[in-house]
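J.: This is final_24.tsv, which holds TSV, C-alpha atoms:
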chain	number	residue	atom	x	y	z
A	439	MET	CA	-13.86	-12.93	10.21
A	440	SER	CA	-12.16	-16.28	9.82
A	441	ALA	CA	-15.33	-17.59	8.19
A	442	ARG	CA	-14.45	-15.55	5.14
A	443	VAL	CA	-11.11	-17.33	4.84
A	444	GLU	CA	-12.70	-20.75	5.26
A	445	VAL	CA	-15.23	-20.30	2.49
A	446	SER	CA	-12.80	-18.84	-0.02
A	447	GLN	CA	-11.97	-20.76	-3.15
A	448	LEU	CA	-8.50	-19.18	-3.30
A	449	ASP	CA	-5.77	-21.59	-4.43
A	450	PRO	CA	-4.51	-23.14	-1.17
A	451	GLN	CA	-0.89	-22.71	-2.29
A	452	ILE	CA	-1.45	-18.97	-2.55
A	453	ALA	CA	-3.52	-18.80	0.64
A	454	ALA	CA	-0.65	-20.44	2.54
A	455	ARG	CA	1.67	-17.59	1.57
A	456	LEU	CA	-0.59	-14.78	2.82
A	457	ARG	CA	0.10	-13.04	6.10
A	458	ARG	CA	-3.16	-11.42	7.08
A	459	THR	CA	-4.14	-8.76	9.59
A	460	PRO	CA	-6.22	-9.91	12.57
A	461	ASP	CA	-9.23	-9.04	10.36
A	462	GLY	CA	-8.05	-11.51	7.70
A	463	LEU	CA	-6.92	-8.87	5.20
A	464	VAL	CA	-3.91	-8.03	3.10
A	465	CYS	CA	-3.13	-4.58	1.76
A	466	ALA	CA	-3.62	-4.11	-2.00
A	467	VAL	CA	-1.79	-1.37	-3.90
A	468	THR	CA	-3.34	-0.72	-7.29
A	469	GLN	CA	-1.18	0.65	-10.06
A	470	GLN	CA	-1.97	1.77	-13.60
A	471	ARG	CA	-0.28	-0.39	-16.23
A	472	GLY	CA	2.17	1.52	-18.35
A	473	THR	CA	2.22	4.85	-16.55
A	474	GLY	CA	3.03	3.35	-13.15
A	475	GLU	CA	0.63	5.71	-11.35
A	476	VAL	CA	-0.32	4.44	-7.89
A	477	LEU	CA	-4.09	4.73	-8.08
A	478	MET	CA	-5.31	3.64	-4.66
A	479	VAL	CA	-4.74	1.42	-1.64
A	480	ALA	CA	-7.46	-0.95	-0.47
A	481	TRP	CA	-7.84	-4.34	1.20
A	482	MET	CA	-8.50	-7.90	0.10
A	483	ASP	CA	-9.40	-11.04	1.97
A	484	ASP	CA	-8.80	-14.46	0.45
A	485	GLU	CA	-12.05	-14.46	-1.48
A	486	ALA	CA	-11.54	-10.95	-2.87
A	487	LEU	CA	-8.10	-12.05	-4.08
A	488	HIS	CA	-9.60	-15.20	-5.59
A	489	ARG	CA	-12.21	-13.15	-7.45
A	490	THR	CA	-9.58	-10.65	-8.62
A	491	LEU	CA	-7.39	-13.45	-9.98
A	492	THR	CA	-10.20	-15.33	-11.70
A	493	SER	CA	-12.63	-12.63	-12.89
A	494	GLY	CA	-10.19	-10.09	-14.29
A	495	ARG	CA	-11.98	-7.37	-12.32
A	496	ALA	CA	-10.30	-5.86	-9.26
A	497	THR	CA	-12.38	-6.85	-6.23
A	498	TYR	CA	-11.76	-5.61	-2.71
A	499	TRP	CA	-13.14	-6.09	0.77
A	500	SER	CA	-14.78	-2.89	1.98
A	501	ARG	CA	-13.98	-2.48	5.66
A	502	SER	CA	-16.54	0.31	6.07
A	503	ARG	CA	-19.38	-1.54	4.37
A	504	GLN	CA	-18.19	-5.06	5.32
A	505	GLU	CA	-18.86	-6.40	1.85
A	506	TYR	CA	-17.13	-7.28	-1.40
A	507	TRP	CA	-16.64	-4.40	-3.71
A	508	VAL	CA	-16.04	-4.86	-7.43
A	509	LYS	CA	-14.35	-1.63	-8.41
A	510	GLY	CA	-16.50	0.25	-10.90
A	511	ASP	CA	-19.75	-1.65	-10.32
A	512	THR	CA	-21.35	1.53	-9.03
A	513	SER	CA	-19.22	4.25	-10.64
A	514	GLY	CA	-18.44	2.61	-13.96
A	515	ASN	CA	-14.76	3.29	-13.28
A	516	THR	CA	-13.67	-0.32	-13.65
A	517	GLN	CA	-10.24	-1.86	-13.22
A	518	ALA	CA	-9.25	-4.57	-15.68
A	519	VAL	CA	-6.62	-6.68	-13.97
A	520	HIS	CA	-3.38	-7.20	-15.85
A	521	GLU	CA	-1.02	-8.52	-13.19
A	522	VAL	CA	-1.05	-9.43	-9.50
A	523	ARG	CA	2.05	-9.81	-7.36
A	524	LEU	CA	2.56	-10.72	-3.69
A	525	ASP	CA	5.33	-9.10	-1.69
A	526	CYS	CA	8.23	-10.78	0.07
A	527	ASP	CA	6.50	-11.14	3.42
A	528	GLY	CA	3.04	-11.99	2.09
A	529	ASP	CA	1.12	-9.06	3.53
A	530	ALA	CA	0.81	-6.78	0.49
A	531	LEU	CA	-0.41	-7.21	-3.07
A	532	LEU	CA	0.46	-5.17	-6.13
A	533	VAL	CA	-2.45	-5.13	-8.58
A	534	VAL	CA	-1.60	-3.76	-12.02
A	535	VAL	CA	-4.73	-2.64	-13.86
A	536	ASP	CA	-6.15	-0.66	-16.70
A	537	GLN	CA	-8.19	1.96	-14.87
A	538	GLN	CA	-11.26	3.32	-16.63
A	539	GLY	CA	-11.75	6.97	-15.68
A	540	ALA	CA	-11.13	8.15	-12.12
A	541	ALA	CA	-9.84	5.70	-9.52
A	542	CYS	CA	-10.83	7.94	-6.60
A	543	HIS	CA	-14.37	8.35	-5.34
A	544	THR	CA	-13.72	12.10	-5.20
A	545	GLY	CA	-13.39	12.13	-8.99
A	546	THR	CA	-9.63	12.58	-9.22
A	547	ARG	CA	-7.52	10.19	-11.26
A	548	THR	CA	-5.77	8.73	-8.20
A	549	CYS	CA	-6.50	8.79	-4.48
A	550	PHE	CA	-3.17	10.59	-3.95
A	551	ASP	CA	-3.79	13.64	-6.13
A	552	ALA	CA	-5.22	16.09	-3.62
A	553	ASP	CA	-3.06	16.11	-0.48
A	554	VAL	CA	0.65	16.72	-1.06
A	555	LEU	CA	2.52	16.72	2.26
A	556	LEU	CA	5.97	17.22	0.76
A	557	ALA	CA	7.15	18.13	-2.72
A	558	ALA	CA	10.90	18.28	-3.00
A	559	PRO	CA	12.32	20.50	-5.71
A	560	THR	CA	13.61	18.62	-8.72
A	561	PRO	CA	17.40	18.80	-8.57
B	373	MET	CA	0.50	2.70	21.37
B	374	SER	CA	-1.17	6.09	21.72
B	375	ALA	CA	1.91	7.30	23.55
B	376	ARG	CA	3.74	7.32	20.22
B	377	VAL	CA	1.16	9.68	18.78
B	378	GLU	CA	1.31	11.99	21.80
B	379	VAL	CA	5.06	12.45	21.67
B	380	SER	CA	5.26	13.02	17.94
B	381	GLN	CA	6.32	16.39	16.59
B	382	LEU	CA	4.24	15.89	13.46
B	383	ASP	CA	2.48	19.04	12.26
B	384	PRO	CA	-0.91	18.95	14.04
B	385	GLN	CA	-2.71	19.93	10.83
B	386	ILE	CA	-1.33	16.81	9.14
B	387	ALA	CA	-1.89	14.63	12.20
B	388	ALA	CA	-5.55	15.64	12.22
B	389	ARG	CA	-5.99	14.25	8.71
B	390	LEU	CA	-4.57	10.78	9.46
B	391	ARG	CA	-6.87	7.83	9.96
B	392	ARG	CA	-4.80	5.28	11.82
B	393	THR	CA	-5.15	1.57	12.52
B	394	PRO	CA	-5.85	0.58	16.14
B	395	ASP	CA	-2.05	0.34	16.42
B	396	GLY	CA	-1.67	3.99	15.42
B	397	LEU	CA	-0.29	3.30	11.95
B	398	VAL	CA	-0.91	4.31	8.37
B	399	CYS	CA	0.14	2.28	5.36
B	400	ALA	CA	3.06	3.67	3.34
B	401	VAL	CA	3.57	2.74	-0.32
B	402	THR	CA	7.04	3.57	-1.52
B	403	GLN	CA	7.60	4.30	-5.18
B	404	GLN	CA	10.73	5.00	-7.22
B	405	ARG	CA	10.77	8.48	-8.69
B	406	GLY	CA	10.78	8.50	-12.47
B	407	THR	CA	10.29	4.81	-13.18
B	408	GLY	CA	7.15	4.52	-11.02
B	409	GLU	CA	8.22	1.12	-9.65
B	410	VAL	CA	6.36	0.22	-6.46
B	411	LEU	CA	9.27	-0.72	-4.24
B	412	MET	CA	7.68	-1.81	-0.96
B	413	VAL	CA	4.82	-1.36	1.47
B	414	ALA	CA	5.52	-0.56	5.12
B	415	TRP	CA	3.98	1.34	8.02
B	416	MET	CA	4.41	4.73	9.64
B	417	ASP	CA	3.15	6.21	12.86
B	418	ASP	CA	2.98	9.98	13.34
B	419	GLU	CA	6.61	10.26	14.41
B	420	ALA	CA	7.90	8.14	11.51
B	421	LEU	CA	5.98	10.41	9.13
B	422	HIS	CA	7.38	13.48	10.87
B	423	ARG	CA	10.93	12.14	10.50
B	424	THR	CA	10.32	11.22	6.86
B	425	LEU	CA	9.03	14.71	6.08
B	426	THR	CA	11.80	16.54	7.91
B	427	SER	CA	14.90	14.38	7.48
B	428	GLY	CA	14.60	13.50	3.80
B	429	ARG	CA	15.18	9.84	4.69
B	430	ALA	CA	12.28	7.39	4.54
B	431	THR	CA	11.59	6.25	8.09
B	432	TYR	CA	9.10	3.54	9.04
B	433	TRP	CA	7.71	1.89	12.14
B	434	SER	CA	8.78	-1.75	12.28
B	435	ARG	CA	5.87	-3.78	13.59
B	436	SER	CA	8.04	-6.85	14.08
B	437	ARG	CA	10.82	-5.05	15.94
B	438	GLN	CA	8.59	-2.34	17.47
B	439	GLU	CA	11.08	0.37	16.65
B	440	TYR	CA	11.75	3.14	14.14
B	441	TRP	CA	13.56	2.00	11.07
B	442	VAL	CA	15.45	4.40	8.82
B	443	LYS	CA	15.55	2.56	5.53
B	444	GLY	CA	19.15	1.80	4.59
B	445	ASP	CA	20.72	2.39	8.02
B	446	THR	CA	21.72	-1.26	8.17
B	447	SER	CA	21.80	-2.26	4.50
B	448	GLY	CA	23.07	0.94	2.96
B	449	ASN	CA	20.11	0.83	0.58
B	450	THR	CA	18.78	4.26	1.49
B	451	GLN	CA	15.69	6.07	0.26
B	452	ALA	CA	16.01	9.79	-0.39
B	453	VAL	CA	12.53	11.25	-0.08
B	454	HIS	CA	11.31	13.32	-2.99
B	455	GLU	CA	7.59	13.58	-2.39
B	456	VAL	CA	4.98	12.47	0.16
B	457	ARG	CA	1.24	12.36	-0.49
B	458	LEU	CA	-1.72	11.37	1.68
B	459	ASP	CA	-4.69	9.60	0.16
B	460	CYS	CA	-8.32	10.72	0.10
B	461	ASP	CA	-9.32	8.96	3.30
B	462	GLY	CA	-6.14	9.60	5.25
B	463	ASP	CA	-5.04	6.01	5.83
B	464	ALA	CA	-2.35	5.58	3.18
B	465	LEU	CA	0.77	7.49	2.21
B	466	LEU	CA	2.59	7.52	-1.11
B	467	VAL	CA	6.31	8.11	-0.59
B	468	VAL	CA	8.25	8.89	-3.76
B	469	VAL	CA	11.95	8.22	-3.31
B	470	ASP	CA	15.27	7.71	-4.97
B	471	GLN	CA	16.10	4.15	-3.93
B	472	GLN	CA	19.75	3.25	-3.59
B	473	GLY	CA	20.26	-0.40	-4.60
B	474	ALA	CA	17.75	-3.04	-3.61
B	475	ALA	CA	14.58	-2.04	-1.76
B	476	CYS	CA	13.86	-5.59	-0.62
B	477	HIS	CA	15.69	-7.32	2.21
B	478	THR	CA	15.93	-10.40	-0.05
B	479	GLY	CA	18.19	-8.44	-2.40
B	480	THR	CA	15.71	-7.88	-5.21
B	481	ARG	CA	15.01	-4.40	-6.52
B	482	THR	CA	11.43	-4.36	-5.23
B	483	CYS	CA	9.52	-6.45	-2.70
B	484	PHE	CA	7.15	-7.51	-5.50
B	485	ASP	CA	9.68	-9.09	-7.86
B	486	ALA	CA	9.58	-12.72	-6.75
B	487	ASP	CA	5.96	-13.85	-6.42
B	488	VAL	CA	3.80	-13.30	-9.50
B	489	LEU	CA	0.26	-14.58	-8.87
B	490	LEU	CA	-1.15	-13.50	-12.22
B	491	ALA	CA	0.47	-12.24	-15.39
B	492	ALA	CA	-2.02	-11.43	-18.10
B	493	PRO	CA	-0.77	-11.62	-21.67
B	494	THR	CA	-0.08	-8.25	-23.22
B	495	PRO	CA	-2.89	-7.64	-25.72
Output the file's structure as structure tokens, nothing else.
T.:
Amino acid sequence: MSARVEVSQLDPQIAARLRRTPDGLVCAVTQQRGTGEVLMVAWMDDEALHRTLTSGRATYWSRSRQEYWVKGDTSGNTQAVHEVRLDCDGDALLVVVDQQGAACHTGTRTCFDADVLLAAPTP
Amino acid sequence: MSARVEVSQLDPQIAARLRRTPDGLVCAVTQQRGTGEVLMVAWMDDEALHRTLTSGRATYWSRSRQEYWVKGDTSGNTQAVHEVRLDCDGDALLVVVDQQGAACHTGTRTCFDADVLLAAPTP
């Protein structure tokens, strides 16, 4: 997996701040600009982050398929990247996007729409 | 690590839907109710999720300290849990809370305030 890090063109000053899993990944939380909806959670390696920062299209590392995944390339439900932030300990990214259509492969707007474990009453 | 899963009192119907890391964890994204701010990303095992769902206080598994961590017990910056959702593939939780004070241990409101990697101009 470290080969992926070595070949990445990610800015070395950013790469030095990342704290990766043993697989070389950081967690990416994707949020809709404006509404603040949390759309999905996925993973990026250095190169996926580099492509996200430079292409304007949210790009992830698919753990199941072991390949880069430009969101929307298959579904048409693209994510135009507006903002990217790294968290205080370098192991999570916040990616603010304009989501076209459904973010979830099930067809729902977000990946968190279907399974509500707890819904507290509004006070 | 599997011992933690075995001793958890988490509802078996929820536990069956979780897809955990090899360490027995799922990713938890914590969001402020109302404003939609993404406050932090942390981790939960089955028991941390059980405690979060039943106590009304966001409770995580600290990978660095290898112990349960009730947010705010030390800092006073508590998280009252309003809503918990599981994502489509069972490996990420969205925890909607009322955050008291700063969510980040650095003293900022969120863990994503300090390190902006990309800020696209507003069109």
J.: Do you have the atom CA of B:Thr482-atom CA of B:Met412 distance handy?
T.: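 Those two atoms sit 6.2 Å apart.
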J.: What's around A:Gly510 at 12 Å? Count only C-alpha atoms, leave out sequence neighbours fewer than 5 positions away in its own chain, and write the answer as a list in words.
T.: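 The neighbour list is Arg495, Ala496, Thr497, Tyr498, Asn515, Thr516, Gln517, Ala518, Asp536, Gln537, Gln538, Gly539, Ala540, Ala541, Cys542 and His543 of chain A.
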J.: Would you please work out which residue, of A:Asp551, A:Asp511, A:Asp525, A:Asp449, is nearest to A:Ala466 when using only C-alpha atoms?
T.: A:Asp525
J.: List every residue of chain A that has an atom at most 10 Å from any atom of chain B, and for each one report the closest atom pair and its distance in Å to one decimal, counting only C-alpha atoms, with rows sorted by chain and then by increasing residue number, as CSV.
T.:
residue,atom,partner,partner_atom,distance
A:Ile452,CA,B:Leu489,CA,7.9
A:Arg455,CA,B:Asp487,CA,9.8
A:Cys465,CA,B:Cys399,CA,8.4
A:Ala466,CA,B:Val413,CA,9.5
A:Val467,CA,B:Val401,CA,7.6
A:Thr468,CA,B:Val410,CA,9.8
A:Gln469,CA,B:Val410,CA,8.4
A:Gln470,CA,B:Gly408,CA,9.9
A:Gly472,CA,B:Gly408,CA,9.4
A:Thr473,CA,B:Gly408,CA,7.4
A:Gly474,CA,B:Gly408,CA,4.8
A:Glu475,CA,B:Gly408,CA,6.6
A:Val476,CA,B:Leu466,CA,8.0
A:Leu477,CA,B:Asp459,CA,9.6
A:Met478,CA,B:Asp459,CA,7.7
A:Val479,CA,B:Ala464,CA,6.8
A:Ala480,CA,B:Ala464,CA,9.1
A:Leu487,CA,B:Leu489,CA,10.0
A:Thr490,CA,B:Leu490,CA,9.6
A:Leu491,CA,B:Leu490,CA,6.6
A:Thr492,CA,B:Leu490,CA,9.2
A:Gly494,CA,B:Ala492,CA,9.1
A:Val519,CA,B:Ala492,CA,7.8
A:His520,CA,B:Ala492,CA,5.0
A:Glu521,CA,B:Ala491,CA,4.6
A:Val522,CA,B:Leu490,CA,4.9
A:Arg523,CA,B:Val488,CA,4.5
A:Leu524,CA,B:Asp487,CA,5.4
A:Asp525,CA,B:Phe484,CA,4.5
A:Cys526,CA,B:Cys483,CA,5.3
A:Asp527,CA,B:Cys483,CA,8.3
A:Gly528,CA,B:Asp487,CA,9.2
A:Asp529,CA,B:Val413,CA,8.8
A:Ala530,CA,B:Val413,CA,6.8
A:Leu531,CA,B:Phe484,CA,7.9
A:Leu532,CA,B:Phe484,CA,7.1
A:Val533,CA,B:Leu490,CA,9.2
A:Val534,CA,B:Ala491,CA,9.4
A:Cys542,CA,B:Cys460,CA,7.7
A:His543,CA,B:Cys460,CA,8.5
A:Thr544,CA,B:Cys460,CA,7.7
A:Thr546,CA,B:Cys460,CA,9.6
A:Thr548,CA,B:Asp459,CA,8.5
A:Cys549,CA,B:Asp459,CA,5.0
A:Phe550,CA,B:Asp459,CA,4.5
A:Asp551,CA,B:Asp459,CA,7.5
A:Ala552,CA,B:Cys460,CA,7.2
A:Asp553,CA,B:Leu458,CA,5.4
A:Val554,CA,B:Arg457,CA,4.4
A:Leu555,CA,B:Arg457,CA,5.3
A:Leu556,CA,B:Val456,CA,4.9
A:Ala557,CA,B:Glu455,CA,4.6
A:Ala558,CA,B:His454,CA,5.0
A:Pro559,CA,B:His454,CA,7.7
A:Thr560,CA,B:His454,CA,8.1
A:Pro561,CA,B:His454,CA,9.9
J.: Please produce an output containing C-alpha atoms for each residue in the selection, written as a short mmCIF file (atom, residue, chain, number, x, y, z; two decimals), keeping the file's coordinate frame.
T.:
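Wrote it out as selection.cif, contents follow:
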data_model
loop_
_atom_site.label_atom_id
_atom_site.label_comp_id
_atom_site.auth_asym_id
_atom_site.auth_seq_id
_atom_site.Cartn_x
_atom_site.Cartn_y
_atom_site.Cartn_z
CA ILE A 452 -1.45 -18.97 -2.55
CA ARG A 455 1.67 -17.59 1.57
CA CYS A 465 -3.13 -4.58 1.76
CA ALA A 466 -3.62 -4.11 -2.00
CA VAL A 467 -1.79 -1.37 -3.90
CA THR A 468 -3.34 -0.72 -7.29
CA GLN A 469 -1.18 0.65 -10.06
CA GLN A 470 -1.97 1.77 -13.60
CA GLY A 472 2.17 1.52 -18.35
CA THR A 473 2.22 4.85 -16.55
CA GLY A 474 3.03 3.35 -13.15
CA GLU A 475 0.63 5.71 -11.35
CA VAL A 476 -0.32 4.44 -7.89
CA LEU A 477 -4.09 4.73 -8.08
CA MET A 478 -5.31 3.64 -4.66
CA VAL A 479 -4.74 1.42 -1.64
CA ALA A 480 -7.46 -0.95 -0.47
CA LEU A 487 -8.10 -12.05 -4.08
CA THR A 490 -9.58 -10.65 -8.62
CA LEU A 491 -7.39 -13.45 -9.98
CA THR A 492 -10.20 -15.33 -11.70
CA GLY A 494 -10.19 -10.09 -14.29
CA VAL A 519 -6.62 -6.68 -13.97
CA HIS A 520 -3.38 -7.20 -15.85
CA GLU A 521 -1.02 -8.52 -13.19
CA VAL A 522 -1.05 -9.43 -9.50
CA ARG A 523 2.05 -9.81 -7.36
CA LEU A 524 2.56 -10.72 -3.69
CA ASP A 525 5.33 -9.10 -1.69
CA CYS A 526 8.23 -10.78 0.07
CA ASP A 527 6.50 -11.14 3.42
CA GLY A 528 3.04 -11.99 2.09
CA ASP A 529 1.12 -9.06 3.53
CA ALA A 530 0.81 -6.78 0.49
CA LEU A 531 -0.41 -7.21 -3.07
CA LEU A 532 0.46 -5.17 -6.13
CA VAL A 533 -2.45 -5.13 -8.58
CA VAL A 534 -1.60 -3.76 -12.02
CA CYS A 542 -10.83 7.94 -6.60
CA HIS A 543 -14.37 8.35 -5.34
CA THR A 544 -13.72 12.10 -5.20
CA THR A 546 -9.63 12.58 -9.22
CA THR A 548 -5.77 8.73 -8.20
CA CYS A 549 -6.50 8.79 -4.48
CA PHE A 550 -3.17 10.59 -3.95
CA ASP A 551 -3.79 13.64 -6.13
CA ALA A 552 -5.22 16.09 -3.62
CA ASP A 553 -3.06 16.11 -0.48
CA VAL A 554 0.65 16.72 -1.06
CA LEU A 555 2.52 16.72 2.26
CA LEU A 556 5.97 17.22 0.76
CA ALA A 557 7.15 18.13 -2.72
CA ALA A 558 10.90 18.28 -3.00
CA PRO A 559 12.32 20.50 -5.71
CA THR A 560 13.61 18.62 -8.72
CA PRO A 561 17.40 18.80 -8.57
#
J.: Could you check how far atom CA of B:Glu419 sits from atom CA of B:Gln381, in Å to one decimal?
T.: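 These two atoms are separated by 6.5 Å.
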J.: So how many Å separate atom CA of A:Asp484 and atom CA of A:Leu463, to one decimal?
T.: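 Calculated distance between atom CA of A:Asp484 and atom CA of A:Leu463 is 7.6 Å.
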J.: Nearest to B:Trp415 among B:Ser427, B:Arg481, B:Thr393, B:Ala388, with distances taken over all atoms listed in the file: which residue is it?
T.: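 Checking each of B:Ser427, B:Arg481, B:Thr393, B:Ala388 against B:Trp415, counting all atoms listed in the file, the winner is B:Thr393.
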